[in-house]
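The block underneath contains the structure these notes are about, expressed in structure tokens.
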Amino acid sequence: MKRQIIRLIKLILGLFLFAVGIVMTLNANLGVAPWDVFHQGLSRVTGITIGQANIVVGLLIIILDAVLGQDIGWGTILNMILIGTFIDILMLNNLIPTFNNFFPSLIMLVLGIVVEGYGCWIYLLAQLGAGPRDGLMVILTKRTGKSVRFNKSMAELGAVIVGYFLGGSLGLGTVIMAFLGGPIFQWVFKTVNFNVKDVEHRFIQDDIKYLKEKFKIKKEN
């Protein structure tokens, strides 16, 4: 029980930091990350908050992941719910400053990506499943035989195009995050000696199997 509580704390802390990083990139006003272009555009068209748009898109992607056969973890579900919730809390209460001048905005943008990287590291340490969008990249790679880079690029390109026509912010920041997001995350993981390949996630079906076996043993006794 103690171990599970620690894992849950890691997950929530990591998701909170990831949300902080997202809001920092949004408040930099240089253009947002590819998926956030879509979230922002959806928010402007429907009138829901960016956080709520993040949750709605995350839910749809989780459903698609499940249909395609991708394993879902409790961390995947909480990723969908908490990141969007944290984004709204931070933005609606103006807890992170907004910049309009280029250099302060650029610094805010890069720092936001770094914060996202550390948030990603912490929530992956919980080993409770990757985020919905990461899961989509994994299952598309398995299904299509194409590289992760190809599937990630195509999915993000689609999100950018749709989001742009919905009114999302496309700018220099979008280009920076598209090309430097990966290298910055890799640098962050290197600073903490973290290898994504070493993570062994526990999925929801693992818990269901465990409960079935435990119930079966008790019934036999």
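Naming scheme: A, B, ... for chains in displayed order of the structure tokens; residues 1 onward per chain; ligands 1 onward as shown.
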
With only C-alpha atoms as the counted atoms, please give the residues lying no more than 9 Å from region 151-153 of chain A, apart from itself and same-chain residues fewer than 2 positions off, as a PDB file with N, CA, C and O atoms, in the first residue's frame.
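Output file around09.pdb follows:
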```
ATOM      1  N   ARG A 133      -1.687  10.528 -25.771  1.00  0.00           N
ATOM      2  CA  ARG A 133      -1.077  10.836 -27.053  1.00  0.00           C
ATOM      3  C   ARG A 133       0.173   9.986 -27.281  1.00  0.00           C
ATOM      4  O   ARG A 133       0.446   9.563 -28.408  1.00  0.00           O
ATOM      5  N   ASP A 134       0.948   9.745 -26.220  1.00  0.00           N
ATOM      6  CA  ASP A 134       2.120   8.872 -26.345  1.00  0.00           C
ATOM      7  C   ASP A 134       1.687   7.448 -26.663  1.00  0.00           C
ATOM      8  O   ASP A 134       2.325   6.746 -27.459  1.00  0.00           O
ATOM      9  N   LEU A 136      -0.940   6.618 -28.298  1.00  0.00           N
ATOM     10  CA  LEU A 136      -1.367   6.611 -29.696  1.00  0.00           C
ATOM     11  C   LEU A 136      -0.174   6.421 -30.623  1.00  0.00           C
ATOM     12  O   LEU A 136      -0.242   5.674 -31.603  1.00  0.00           O
ATOM     13  N   MET A 137       0.949   7.085 -30.297  1.00  0.00           N
ATOM     14  CA  MET A 137       2.145   6.943 -31.124  1.00  0.00           C
ATOM     15  C   MET A 137       2.648   5.489 -31.113  1.00  0.00           C
ATOM     16  O   MET A 137       3.053   4.939 -32.131  1.00  0.00           O
ATOM     17  N   VAL A 138       2.573   4.878 -29.932  1.00  0.00           N
ATOM     18  CA  VAL A 138       3.050   3.497 -29.784  1.00  0.00           C
ATOM     19  C   VAL A 138       2.196   2.538 -30.612  1.00  0.00           C
ATOM     20  O   VAL A 138       2.718   1.715 -31.372  1.00  0.00           O
ATOM     21  N   LEU A 140       0.124   3.194 -33.117  1.00  0.00           N
ATOM     22  CA  LEU A 140       0.200   3.470 -34.554  1.00  0.00           C
ATOM     23  C   LEU A 140       1.483   2.896 -35.143  1.00  0.00           C
ATOM     24  O   LEU A 140       1.495   2.387 -36.271  1.00  0.00           O
ATOM     25  N   THR A 141       2.561   2.968 -34.371  1.00  0.00           N
ATOM     26  CA  THR A 141       3.835   2.396 -34.817  1.00  0.00           C
ATOM     27  C   THR A 141       3.716   0.880 -34.984  1.00  0.00           C
ATOM     28  O   THR A 141       4.208   0.306 -35.957  1.00  0.00           O
ATOM     29  N   THR A 144       1.102   0.299 -38.132  1.00  0.00           N
ATOM     30  CA  THR A 144       1.489   0.732 -39.477  1.00  0.00           C
ATOM     31  C   THR A 144       2.867   0.231 -39.902  1.00  0.00           C
ATOM     32  O   THR A 144       3.160   0.157 -41.096  1.00  0.00           O
ATOM     33  N   LYS A 146       5.402   1.915 -39.516  1.00  0.00           N
ATOM     34  CA  LYS A 146       6.190   3.131 -39.717  1.00  0.00           C
ATOM     35  C   LYS A 146       6.913   3.487 -38.423  1.00  0.00           C
ATOM     36  O   LYS A 146       6.614   2.964 -37.353  1.00  0.00           O
ATOM     37  N   SER A 147       7.880   4.409 -38.520  1.00  0.00           N
ATOM     38  CA  SER A 147       8.654   4.807 -37.347  1.00  0.00           C
ATOM     39  C   SER A 147       7.816   5.658 -36.398  1.00  0.00           C
ATOM     40  O   SER A 147       6.805   6.248 -36.787  1.00  0.00           O
ATOM     41  N   VAL A 148       8.258   5.729 -35.136  1.00  0.00           N
ATOM     42  CA  VAL A 148       7.603   6.577 -34.152  1.00  0.00           C
ATOM     43  C   VAL A 148       7.645   8.030 -34.615  1.00  0.00           C
ATOM     44  O   VAL A 148       6.657   8.765 -34.505  1.00  0.00           O
ATOM     45  N   ARG A 149       8.792   8.434 -35.154  1.00  0.00           N
ATOM     46  CA  ARG A 149       8.951   9.813 -35.620  1.00  0.00           C
ATOM     47  C   ARG A 149       7.924  10.147 -36.692  1.00  0.00           C
ATOM     48  O   ARG A 149       7.318  11.220 -36.678  1.00  0.00           O
ATOM     49  N   ALA A 155       0.596  12.793 -36.779  1.00  0.00           N
ATOM     50  CA  ALA A 155      -0.470  13.104 -35.821  1.00  0.00           C
ATOM     51  C   ALA A 155      -0.410  14.573 -35.409  1.00  0.00           C
ATOM     52  O   ALA A 155      -1.442  15.260 -35.342  1.00  0.00           O
ATOM     53  N   GLU A 156       0.798  15.068 -35.142  1.00  0.00           N
ATOM     54  CA  GLU A 156       0.957  16.462 -34.721  1.00  0.00           C
ATOM     55  C   GLU A 156       0.656  17.419 -35.867  1.00  0.00           C
ATOM     56  O   GLU A 156       0.084  18.489 -35.652  1.00  0.00           O
ATOM     57  N   LEU A 157       1.021  17.033 -37.091  1.00  0.00           N
ATOM     58  CA  LEU A 157       0.715  17.866 -38.253  1.00  0.00           C
ATOM     59  C   LEU A 157      -0.796  17.996 -38.427  1.00  0.00           C
ATOM     60  O   LEU A 157      -1.324  19.087 -38.684  1.00  0.00           O
ATOM     61  N   GLY A 158      -1.499  16.876 -38.261  1.00  0.00           N
ATOM     62  CA  GLY A 158      -2.951  16.900 -38.353  1.00  0.00           C
ATOM     63  C   GLY A 158      -3.565  17.784 -37.280  1.00  0.00           C
ATOM     64  O   GLY A 158      -4.494  18.562 -37.545  1.00  0.00           O
ATOM     65  N   ALA A 178       8.222  21.849 -31.914  1.00  0.00           N
ATOM     66  CA  ALA A 178       8.170  20.699 -32.812  1.00  0.00           C
ATOM     67  C   ALA A 178       9.567  20.118 -33.055  1.00  0.00           C
ATOM     68  O   ALA A 178       9.747  18.900 -33.108  1.00  0.00           O
TER      69      ALA A 178
END
```

* Please identify all polymer residues within 10 Å of Leu172 (chain A), counting only C-alpha atoms, omitting same-chain residues fewer than 4 positions from it, and present them as a VMD selection string. => chain A and resid 29 to 32 106 176 to 178

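Residue nearest Phe194 (chain A) within the list A:Leu124, A:Leu11, A:Leu59, A:Leu92: A:Leu124 [criterion: smallest interatomic distance, only C-alpha atoms].
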
* Asked: Residues at most 9 Å from region 48-52 of chain A, counting only C-alpha atoms, excluding those fewer than 5 positions away in the same chain, as a PyMOL selection string?
  -> chain A and resi 36+39-43+57+81+83-89+91

* To do: Compile the contact shell of region 203-212 of chain A as a PyMOL selection string: residues with an atom at most 8 Å away, counting only C-alpha atoms, same-chain residues fewer than 2 positions apart removed.
  => chain A and resi 71-74+128-129+201+214-216

Include N, CA, C and O atoms and write out the residues we just selected as a PDB file, in the first residue's frame.
```pdb
ATOM      1  N   ASP A  71      -2.573  -0.846 -24.561  1.00  0.00           N
ATOM      2  CA  ASP A  71      -2.849  -1.026 -23.138  1.00  0.00           C
ATOM      3  C   ASP A  71      -3.027   0.323 -22.456  1.00  0.00           C
ATOM      4  O   ASP A  71      -2.288   1.273 -22.727  1.00  0.00           O
ATOM      5  N   ILE A  72      -3.991   0.392 -21.555  1.00  0.00           N
ATOM      6  CA  ILE A  72      -4.313   1.625 -20.842  1.00  0.00           C
ATOM      7  C   ILE A  72      -3.970   1.457 -19.362  1.00  0.00           C
ATOM      8  O   ILE A  72      -4.318   0.454 -18.746  1.00  0.00           O
ATOM      9  N   GLY A  73      -3.300   2.448 -18.796  1.00  0.00           N
ATOM     10  CA  GLY A  73      -2.958   2.416 -17.372  1.00  0.00           C
ATOM     11  C   GLY A  73      -3.757   3.448 -16.603  1.00  0.00           C
ATOM     12  O   GLY A  73      -4.358   4.356 -17.190  1.00  0.00           O
ATOM     13  N   TRP A  74      -3.754   3.319 -15.275  1.00  0.00           N
ATOM     14  CA  TRP A  74      -4.427   4.329 -14.460  1.00  0.00           C
ATOM     15  C   TRP A  74      -3.777   5.697 -14.670  1.00  0.00           C
ATOM     16  O   TRP A  74      -4.448   6.729 -14.613  1.00  0.00           O
ATOM     17  N   LEU A 128       2.679   3.827 -14.292  1.00  0.00           N
ATOM     18  CA  LEU A 128       1.245   3.530 -14.349  1.00  0.00           C
ATOM     19  C   LEU A 128       0.651   3.804 -15.724  1.00  0.00           C
ATOM     20  O   LEU A 128      -0.550   3.991 -15.866  1.00  0.00           O
ATOM     21  N   GLY A 129       1.502   3.814 -16.744  1.00  0.00           N
ATOM     22  CA  GLY A 129       1.024   4.020 -18.099  1.00  0.00           C
ATOM     23  C   GLY A 129       1.371   5.396 -18.636  1.00  0.00           C
ATOM     24  O   GLY A 129       1.420   6.362 -17.879  1.00  0.00           O
ATOM     25  N   HIS A 201       5.599  -0.461 -17.264  1.00  0.00           N
ATOM     26  CA  HIS A 201       4.318   0.059 -16.794  1.00  0.00           C
ATOM     27  C   HIS A 201       3.400  -1.053 -16.281  1.00  0.00           C
ATOM     28  O   HIS A 201       3.458  -2.190 -16.735  1.00  0.00           O
ATOM     29  N   LYS A 214      -6.781 -13.129  -6.840  1.00  0.00           N
ATOM     30  CA  LYS A 214      -6.915 -13.030  -5.389  1.00  0.00           C
ATOM     31  C   LYS A 214      -8.295 -13.486  -4.943  1.00  0.00           C
ATOM     32  O   LYS A 214      -8.441 -14.197  -3.933  1.00  0.00           O
ATOM     33  N   PHE A 215      -9.328 -13.097  -5.708  1.00  0.00           N
ATOM     34  CA  PHE A 215     -10.693 -13.505  -5.383  1.00  0.00           C
ATOM     35  C   PHE A 215     -10.844 -15.026  -5.537  1.00  0.00           C
ATOM     36  O   PHE A 215     -11.517 -15.676  -4.740  1.00  0.00           O
ATOM     37  N   LYS A 216     -10.193 -15.574  -6.566  1.00  0.00           N
ATOM     38  CA  LYS A 216     -10.260 -17.007  -6.818  1.00  0.00           C
ATOM     39  C   LYS A 216      -9.622 -17.791  -5.669  1.00  0.00           C
ATOM     40  O   LYS A 216     -10.156 -18.809  -5.215  1.00  0.00           O
TER      41      LYS A 216
END
```

* Asked: DSSP on the backbone: what in region 5-206 of chain A comes out alpha helix (DSSP H), as a PyMOL selection string?
  -> chain A and resi 5-27+34-46+50-68+74-92+102-125+132-144+148-165+172-191+204-206

* To do: Might you pull out every residue within 9 Å of Gly58 (chain A), with only C-alpha atoms counted and same-chain residues fewer than 6 positions away left off, and present them as number ranges by chain?
  => A: 77, 79-81, 131-133

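Shortest atom-to-atom contact with Glu200 (chain A) among A:Val175, A:Ile9, A:Leu125, A:Ile217: A:Leu125, counting only C-alpha atoms.
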